[in-house]
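Asks: Provided herewith: coords_34.pdb, PDB, C-alpha atoms and all ligand atoms.
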```pdb
MODEL        1
ATOM      1  CA  VAL A   1      47.465  78.063  60.396
ATOM      2  CA  HIS A   2      48.038  74.562  61.744
ATOM      3  CA  LYS A   3      50.479  71.821  60.711
ATOM      4  CA  ALA A   4      48.675  68.491  60.543
ATOM      5  CA  TYR A   5      50.325  65.109  60.051
ATOM      6  CA  ILE A   6      48.177  62.432  58.431
ATOM      7  CA  ALA A   7      48.961  58.702  58.378
ATOM      8  CA  LEU A   8      47.796  56.879  55.264
ATOM      9  CA  GLY A   9      47.266  53.129  55.067
ATOM     10  CA  SER A  10      45.755  50.615  52.678
ATOM     11  CA  ASN A  11      45.770  46.852  52.142
ATOM     12  CA  LEU A  12      42.925  46.313  49.682
ATOM     13  CA  ASP A  13      42.249  46.975  45.994
ATOM     14  CA  ASN A  14      45.683  48.070  44.837
ATOM     15  CA  PRO A  15      46.985  49.778  47.986
ATOM     16  CA  MET A  16      49.687  51.819  46.223
ATOM     17  CA  GLN A  17      47.153  53.345  43.869
ATOM     18  CA  GLN A  18      44.814  53.981  46.811
ATOM     19  CA  LEU A  19      47.518  56.033  48.521
ATOM     20  CA  VAL A  20      48.438  57.915  45.332
ATOM     21  CA  SER A  21      44.761  58.789  44.878
ATOM     22  CA  ALA A  22      44.372  59.778  48.538
ATOM     23  CA  LEU A  23      47.397  62.114  48.326
ATOM     24  CA  GLN A  24      45.864  63.769  45.256
ATOM     25  CA  ALA A  25      42.624  64.252  47.199
ATOM     26  CA  LEU A  26      44.505  65.727  50.183
ATOM     27  CA  ALA A  27      46.263  68.175  47.852
ATOM     28  CA  LYS A  28      42.882  69.357  46.579
ATOM     29  CA  LEU A  29      41.224  69.875  49.993
ATOM     30  CA  PRO A  30      39.972  73.447  50.408
ATOM     31  CA  ASN A  31      41.891  75.466  53.043
ATOM     32  CA  CYS A  32      44.653  72.829  53.009
ATOM     33  CA  GLN A  33      48.100  72.696  51.410
ATOM     34  CA  LEU A  34      50.029  69.443  50.970
ATOM     35  CA  LEU A  35      53.543  70.354  52.137
ATOM     36  CA  LYS A  36      55.371  67.012  52.358
ATOM     37  CA  GLN A  37      54.791  63.301  51.807
ATOM     38  CA  SER A  38      56.902  60.331  52.862
ATOM     39  CA  SER A  39      57.981  57.353  50.812
ATOM     40  CA  PHE A  40      55.654  54.349  50.760
ATOM     41  CA  TYR A  41      56.395  51.565  53.258
ATOM     42  CA  ALA A  42      55.264  47.933  53.142
ATOM     43  CA  SER A  43      54.691  45.830  56.251
ATOM     44  CA  ALA A  44      52.779  42.827  57.555
ATOM     45  CA  PRO A  45      49.521  43.673  59.329
ATOM     46  CA  MET A  46      49.822  44.634  62.992
ATOM     47  CA  GLY A  47      47.018  42.796  64.789
ATOM     48  CA  PRO A  48      44.939  40.200  62.913
ATOM     49  CA  GLN A  49      47.242  38.460  60.432
ATOM     50  CA  ASP A  50      44.483  37.039  58.203
ATOM     51  CA  GLN A  51      44.660  40.002  55.826
ATOM     52  CA  PRO A  52      47.054  41.333  53.164
ATOM     53  CA  ASP A  53      50.201  43.357  53.897
ATOM     54  CA  TYR A  54      49.753  47.119  54.200
ATOM     55  CA  ILE A  55      51.209  50.064  52.331
ATOM     56  CA  ASN A  56      51.673  53.104  54.577
ATOM     57  CA  ALA A  57      52.843  56.690  54.267
ATOM     58  CA  VAL A  58      52.635  59.979  56.177
ATOM     59  CA  ALA A  59      51.763  63.403  54.766
ATOM     60  CA  LEU A  60      52.166  66.900  56.190
ATOM     61  CA  ILE A  61      49.534  69.518  55.384
ATOM     62  CA  SER A  62      49.089  73.082  56.535
ATOM     63  CA  THR A  63      45.469  74.037  57.118
ATOM     64  CA  THR A  64      43.307  76.869  58.391
ATOM     65  CA  ILE A  65      40.440  74.584  59.410
ATOM     66  CA  GLU A  66      40.184  73.053  62.877
ATOM     67  CA  ALA A  67      40.876  69.412  63.767
ATOM     68  CA  LEU A  68      37.312  68.057  63.753
ATOM     69  CA  ALA A  69      36.534  69.794  60.445
ATOM     70  CA  LEU A  70      39.699  68.235  58.992
ATOM     71  CA  LEU A  71      38.627  64.834  60.362
ATOM     72  CA  ASP A  72      35.325  65.209  58.467
ATOM     73  CA  GLN A  73      37.283  65.902  55.269
ATOM     74  CA  LEU A  74      39.519  62.852  55.833
ATOM     75  CA  GLN A  75      36.514  60.584  56.451
ATOM     76  CA  ALA A  76      34.905  61.870  53.239
ATOM     77  CA  ILE A  77      38.039  60.929  51.278
ATOM     78  CA  GLU A  78      37.969  57.445  52.900
ATOM     79  CA  LEU A  79      34.346  57.008  51.796
ATOM     80  CA  ASP A  80      35.261  58.163  48.273
ATOM     81  CA  HIS A  81      37.715  55.242  48.326
ATOM     82  CA  GLN A  82      34.926  52.776  49.139
ATOM     83  CA  ARG A  83      36.099  52.387  52.738
ATOM     84  CA  LYS A  84      33.852  49.781  54.365
ATOM     85  CA  ARG A  85      34.082  48.935  58.053
ATOM     86  CA  GLU A  86      33.396  45.187  58.245
ATOM     87  CA  ARG A  87      35.372  44.458  61.417
ATOM     88  CA  ARG A  88      37.613  46.341  63.801
ATOM     89  CA  TRP A  89      41.253  46.063  62.683
ATOM     90  CA  GLY A  90      40.064  44.468  59.461
ATOM     91  CA  PRO A  91      41.433  45.126  55.983
ATOM     92  CA  ARG A  92      40.573  48.456  54.336
ATOM     93  CA  THR A  93      40.932  50.223  51.021
ATOM     94  CA  LEU A  94      42.019  53.453  52.725
ATOM     95  CA  ASP A  95      42.773  54.674  56.232
ATOM     96  CA  LEU A  96      43.494  58.358  56.881
ATOM     97  CA  ASP A  97      44.433  59.030  60.496
ATOM     98  CA  LEU A  98      45.022  62.523  61.849
ATOM     99  CA  ILE A  99      48.041  61.683  64.017
ATOM    100  CA  LEU A 100      49.264  65.174  64.989
ATOM    101  CA  PHE A 101      47.632  68.608  64.855
ATOM    102  CA  GLY A 102      50.280  71.172  65.773
ATOM    103  CA  GLU A 103      51.060  70.874  69.474
ATOM    104  CA  SER A 104      47.434  70.044  70.281
ATOM    105  CA  ILE A 105      46.376  67.288  72.636
ATOM    106  CA  ILE A 106      42.768  66.404  71.749
ATOM    107  CA  ASP A 107      40.601  63.947  73.681
ATOM    108  CA  HIS A 108      37.221  63.939  71.960
ATOM    109  CA  PRO A 109      34.884  60.956  71.390
ATOM    110  CA  ARG A 110      35.596  61.158  67.639
ATOM    111  CA  LEU A 111      39.239  62.137  67.797
ATOM    112  CA  GLN A 112      42.290  61.510  69.961
ATOM    113  CA  VAL A 113      45.424  63.463  69.019
ATOM    114  CA  PRO A 114      48.264  62.480  69.168
ATOM    115  CA  HIS A 115      46.993  59.202  67.658
ATOM    116  CA  VAL A 116      46.740  56.581  70.403
ATOM    117  CA  GLY A 117      48.939  53.940  68.772
ATOM    118  CA  LEU A 118      51.514  56.388  67.399
ATOM    119  CA  LYS A 119      54.487  55.286  69.504
ATOM    120  CA  GLU A 120      53.973  51.566  68.864
ATOM    121  CA  ARG A 121      53.487  51.771  65.099
ATOM    122  CA  ASN A 122      56.722  51.546  63.090
ATOM    123  CA  PHE A 123      54.608  52.018  59.931
ATOM    124  CA  VAL A 124      53.747  55.498  61.247
ATOM    125  CA  LEU A 125      56.900  56.502  63.136
ATOM    126  CA  TYR A 126      59.387  55.756  60.345
ATOM    127  CA  PRO A 127      57.581  57.592  57.527
ATOM    128  CA  LEU A 128      56.901  60.451  59.975
ATOM    129  CA  ALA A 129      60.607  60.637  60.848
ATOM    130  CA  GLU A 130      61.433  60.687  57.145
ATOM    131  CA  ILE A 131      59.547  63.964  56.635
ATOM    132  CA  ALA A 132      59.909  65.479  60.145
ATOM    133  CA  PRO A 133      63.162  64.168  61.679
ATOM    134  CA  ASP A 134      63.355  66.941  64.293
ATOM    135  CA  LEU A 135      59.747  66.676  65.458
ATOM    136  CA  VAL A 136      59.028  66.975  69.189
ATOM    137  CA  LEU A 137      55.692  65.460  70.254
ATOM    138  CA  PRO A 138      53.228  67.477  72.386
ATOM    139  CA  ASP A 139      54.278  65.440  75.452
ATOM    140  CA  GLY A 140      57.874  66.593  74.995
ATOM    141  CA  GLU A 141      59.251  63.294  73.714
ATOM    142  CA  THR A 142      61.363  63.563  70.566
ATOM    143  CA  LEU A 143      60.310  61.574  67.529
ATOM    144  CA  GLN A 144      63.869  60.242  67.258
ATOM    145  CA  HIS A 145      63.553  58.733  70.740
ATOM    146  CA  CYS A 146      60.254  57.102  69.805
ATOM    147  CA  VAL A 147      61.833  55.660  66.648
ATOM    148  CA  GLN A 148      64.753  54.244  68.665
ATOM    149  CA  LEU A 149      62.286  52.490  70.980
ATOM    150  CA  CYS A 150      60.168  51.074  68.141
ATOM    151  CA  PRO A 151      61.609  48.034  66.299
ATOM    152  CA  LEU A 152      61.910  48.355  62.539
ATOM    153  CA  ALA A 153      60.797  44.670  62.267
ATOM    154  CA  ASP A 154      59.655  43.839  58.690
ATOM    155  CA  LEU A 155      58.937  47.431  57.656
ATOM    156  CA  SER A 156      60.432  48.104  54.227
ATOM    157  CA  LYS A 157      60.661  51.397  52.384
ATOM    158  CA  LEU A 158      59.587  51.113  48.747
ATOM    159  CA  SER A 159      62.054  52.855  46.477
ATOM    160  CA  ILE A 160      59.623  54.280  43.880
TER     161      ILE A 160
HETATM  162  C1  LIG B 201      44.708  46.742  61.508
HETATM  163  C2  LIG B 201      45.841  47.701  61.880
HETATM  164  C3  LIG B 201      45.934  47.905  63.384
HETATM  165  N1  LIG B 201      47.095  47.152  61.432
HETATM  166  C4  LIG B 201      47.922  47.777  60.545
HETATM  167  N2  LIG B 201      49.107  47.191  60.192
HETATM  168  C5  LIG B 201      49.914  47.825  59.315
HETATM  169  N3  LIG B 201      51.080  47.248  58.968
HETATM  170  N4  LIG B 201      49.585  49.036  58.784
HETATM  171  C6  LIG B 201      48.426  49.658  59.092
HETATM  172  O1  LIG B 201      48.153  50.772  58.575
HETATM  173  C7  LIG B 201      47.539  49.028  60.008
HETATM  174  N5  LIG B 201      46.357  49.606  60.370
HETATM  175  C8  LIG B 201      45.552  49.035  61.247
HETATM  176  O2  LIG B 201      44.428  49.628  61.602
ENDMDL
END
```
Translate this file's structure into structure tokens.
Ligand SMILES: CC1(C)Nc2nc(N)[nH]c(=O)c2N=C1O
Replies:
Amino acid sequence: VHKAYIALGSNLDNPMQQLVSALQALAKLPNCQLLKQSSFYASAPMGPQDQPDYINAVALISTTIEALALLDQLQAIELDHQRKRERRWGPRTLDLDLILFGESIIDHPRLQVPHVGLKERNFVLYPLAEIAPDLVLPDGETLQHCVQLCPLADLSKLSI
């Protein structure tokens, strides 16, 4: 059994509802169990600014399937949420990124784990630290150290 951390993001078509719906879909995945989910966080887009603010969260699932099979399941949920890929770093109804898969380091054309931008993304690090404060990354760095190095900036935790 593997522990997989998934980053959720949305900035189109009612982002909060998109994430609620995505979490329900994750909970229903065969061979997966939704163990924890973070609060929702709002932030301005990293990268191109000509798009709406994002809502982000992180979820922890335990699963018996392997990383690429889980990636297929995540991409199916994105498509169910009308994910369209107009432009790179463009707005999207739903983003599900497999950011950690146990202690694995994966470098595959379809999948890099840990997620490449993990240490620079406050909208991933802070929700991750909320549900896994004692996490140590596969490269030995502690999550707390990564959080200390990553500015909070405009990230805001939504109370509900
Ligand atoms: C476009 C880019 C890089 N910017 C983001 N910016 C924020 N705040 N949240 C995201 O989830 C996000 N995702 C992206 O893919």
Asks: Return the single residue from A:His115, A:His2, A:His145, A:Lys28 that is closest to Glu66 of chain A, with distances computed using only C-alpha atoms.
Replies: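 Between A:His115, A:His2, A:His145, A:Lys28, the residue approaching Glu66 of chain A most closely is A:His2.
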Asks: For the file shown, report as number ranges by chain the outcome of the PyMOL selection byres (((not hetatm)) within 10 of (chain B and resi 201)) at residue level.
Replies: A: 7-11, 41-49, 51-57, 87-92, 94-97, 117, 121-124, 154-155
Asks: What would the file look like if the residues just selected were written as a PDB file, in the coordinates of the input with C-alpha atoms?
Replies:
```pdb
ATOM      1  CA  ALA A   7      48.961  58.702  58.378  1.00  0.00           C
ATOM      2  CA  LEU A   8      47.796  56.879  55.264  1.00  0.00           C
ATOM      3  CA  GLY A   9      47.266  53.129  55.067  1.00  0.00           C
ATOM      4  CA  SER A  10      45.755  50.615  52.678  1.00  0.00           C
ATOM      5  CA  ASN A  11      45.770  46.852  52.142  1.00  0.00           C
ATOM      6  CA  TYR A  41      56.395  51.565  53.258  1.00  0.00           C
ATOM      7  CA  ALA A  42      55.264  47.933  53.142  1.00  0.00           C
ATOM      8  CA  SER A  43      54.691  45.830  56.251  1.00  0.00           C
ATOM      9  CA  ALA A  44      52.779  42.827  57.555  1.00  0.00           C
ATOM     10  CA  PRO A  45      49.521  43.673  59.329  1.00  0.00           C
ATOM     11  CA  MET A  46      49.822  44.634  62.992  1.00  0.00           C
ATOM     12  CA  GLY A  47      47.018  42.796  64.789  1.00  0.00           C
ATOM     13  CA  PRO A  48      44.939  40.200  62.913  1.00  0.00           C
ATOM     14  CA  GLN A  49      47.242  38.460  60.432  1.00  0.00           C
ATOM     15  CA  GLN A  51      44.660  40.002  55.826  1.00  0.00           C
ATOM     16  CA  PRO A  52      47.054  41.333  53.164  1.00  0.00           C
ATOM     17  CA  ASP A  53      50.201  43.357  53.897  1.00  0.00           C
ATOM     18  CA  TYR A  54      49.753  47.119  54.200  1.00  0.00           C
ATOM     19  CA  ILE A  55      51.209  50.064  52.331  1.00  0.00           C
ATOM     20  CA  ASN A  56      51.673  53.104  54.577  1.00  0.00           C
ATOM     21  CA  ALA A  57      52.843  56.690  54.267  1.00  0.00           C
ATOM     22  CA  ARG A  87      35.372  44.458  61.417  1.00  0.00           C
ATOM     23  CA  ARG A  88      37.613  46.341  63.801  1.00  0.00           C
ATOM     24  CA  TRP A  89      41.253  46.063  62.683  1.00  0.00           C
ATOM     25  CA  GLY A  90      40.064  44.468  59.461  1.00  0.00           C
ATOM     26  CA  PRO A  91      41.433  45.126  55.983  1.00  0.00           C
ATOM     27  CA  ARG A  92      40.573  48.456  54.336  1.00  0.00           C
ATOM     28  CA  LEU A  94      42.019  53.453  52.725  1.00  0.00           C
ATOM     29  CA  ASP A  95      42.773  54.674  56.232  1.00  0.00           C
ATOM     30  CA  LEU A  96      43.494  58.358  56.881  1.00  0.00           C
ATOM     31  CA  ASP A  97      44.433  59.030  60.496  1.00  0.00           C
ATOM     32  CA  GLY A 117      48.939  53.940  68.772  1.00  0.00           C
ATOM     33  CA  ARG A 121      53.487  51.771  65.099  1.00  0.00           C
ATOM     34  CA  ASN A 122      56.722  51.546  63.090  1.00  0.00           C
ATOM     35  CA  PHE A 123      54.608  52.018  59.931  1.00  0.00           C
ATOM     36  CA  VAL A 124      53.747  55.498  61.247  1.00  0.00           C
ATOM     37  CA  ASP A 154      59.655  43.839  58.690  1.00  0.00           C
ATOM     38  CA  LEU A 155      58.937  47.431  57.656  1.00  0.00           C
TER      39      LEU A 155
END
```
Asks: Box in all listed atoms of segment 88-92 of chain A, axis-aligned, with 3 Å more on each side; write out centre and edge lengths in Å to one decimal as lines of an AutoDock Vina configuration file.
Replies:
```
center_x = 39.5
center_y = 46.5
center_z = 59.1
size_x = 9.8
size_y = 10.0
size_z = 15.5
```
Asks: With distances taken over all atoms listed in the file, which of A:Ile65, A:Arg85, A:Val1, A:Gln73 is nearest to Leu26 of chain A?
Replies: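 Using all atoms listed in the file, Leu26 of chain A sits closest to A:Gln73.
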Asks: Pull out every residue that the PyMOL selection byres (((chain A and resi 144) around 8) and not hetatm) matches in the shown coordinates and put them as a PyMOL selection string.
Replies: chain A and resi 129+133-135+142-143+145-148
Asks: Residues of segment 22-91 of chain A that have any atom at most 10 Å from an atom of segment 109-114 of chain A: could you tabulate them with the shortest-distance atom pair and the distance in Å to one decimal, using only C-alpha atoms, ordered by chain and increasing number, as a Markdown table?
Replies:
```
| residue | atom | partner | partner_atom | distance |
| --- | --- | --- | --- | --- |
| A:Ala67 | CA | A:Leu111 | CA | 8.5 |
| A:Leu68 | CA | A:Leu111 | CA | 7.4 |
| A:Leu71 | CA | A:Leu111 | CA | 7.9 |
```
Asks: Got time to write the residues from that selection, C-alpha atoms, as a short mmCIF file (atom, residue, chain, number, x, y, z; two decimals), keeping the file's coordinate frame?
Replies:
```cif
data_model
loop_
_atom_site.label_atom_id
_atom_site.label_comp_id
_atom_site.auth_asym_id
_atom_site.auth_seq_id
_atom_site.Cartn_x
_atom_site.Cartn_y
_atom_site.Cartn_z
CA ALA A 67 40.88 69.41 63.77
CA LEU A 68 37.31 68.06 63.75
CA LEU A 71 38.63 64.83 60.36
#
```
Asks: Residues within 7 Å of segment 38-40 of chain A, please, as a JSON list (two decimals) with C-alpha atoms, keeping the file's coordinate frame. Count all atoms listed in the file; anything in the same chain fewer than 6 positions from it doesn't count.
Replies:
```
[["chain", "number", "residue", "atom", "x", "y", "z"],
["A", 55, "ILE", "CA", 51.21, 50.06, 52.33],
["A", 56, "ASN", "CA", 51.67, 53.10, 54.58],
["A", 57, "ALA", "CA", 52.84, 56.69, 54.27],
["A", 58, "VAL", "CA", 52.64, 59.98, 56.18],
["A", 59, "ALA", "CA", 51.76, 63.40, 54.77],
["A", 127, "PRO", "CA", 57.58, 57.59, 57.53],
["A", 130, "GLU", "CA", 61.43, 60.69, 57.14],
["A", 131, "ILE", "CA", 59.55, 63.96, 56.64],
["A", 157, "LYS", "CA", 60.66, 51.40, 52.38],
["A", 158, "LEU", "CA", 59.59, 51.11, 48.75]]
```
Asks: One decimal, Å: what's the distance from atom CA of Leu34 of chain A over to atom CA of Ala22 of chain A, could you say?
Replies: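 So the answer is 11.5 Å.
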Asks: Could you tell me which of A:Ala27, A:Leu137, A:Leu128, A:Leu74 comes closest to Ile105 of chain A if we count only C-alpha atoms?
Replies: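 Nearest candidate to Ile105 of chain A out of A:Ala27, A:Leu137, A:Leu128, A:Leu74: A:Leu137.
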Asks: Rounded to one decimal, what separation in Å do you get between atom CA of Glu86 of chain A and atom CA of Gln18 of chain A?
Replies: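 Distance between the two atoms: 18.4 Å.
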Asks: Between atom CA of Ile61 of chain A and atom CA of Ser21 of chain A, what is the spacing in Å?
Replies: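 Going from atom CA of Ser21 of chain A over to atom CA of Ile61 of chain A covers 15.8 Å.
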Asks: Extract, using all atoms listed in the file, all DNA, RNA and protein residues at most 9 Å from Glu120 of chain A, discarding same-chain residues fewer than 4 positions from it, and format them as number ranges by chain.
Replies: A: 116, 124-125, 146, 149-151
Asks: In terms of the shortest atom-to-atom distance over all atoms listed in the file, which of A:Gln75, A:Ser159, A:Gln82, A:Gln33 is closest to Leu60 of chain A?
Replies: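 Answer, going by the shortest atom-to-atom distance: A:Gln33.
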Asks: For Asp13 of chain A, which residue out of A:Ser62, A:Ala76, A:Asn31, A:His81 is the nearest one, using only C-alpha atoms?
Replies: A:His81
Asks: May I ask which of the residues A:Glu78, A:Lys84, A:Val136, A:Cys32 is the closest one to Ala4 of chain A, counting only C-alpha atoms?
Replies: A:Cys32
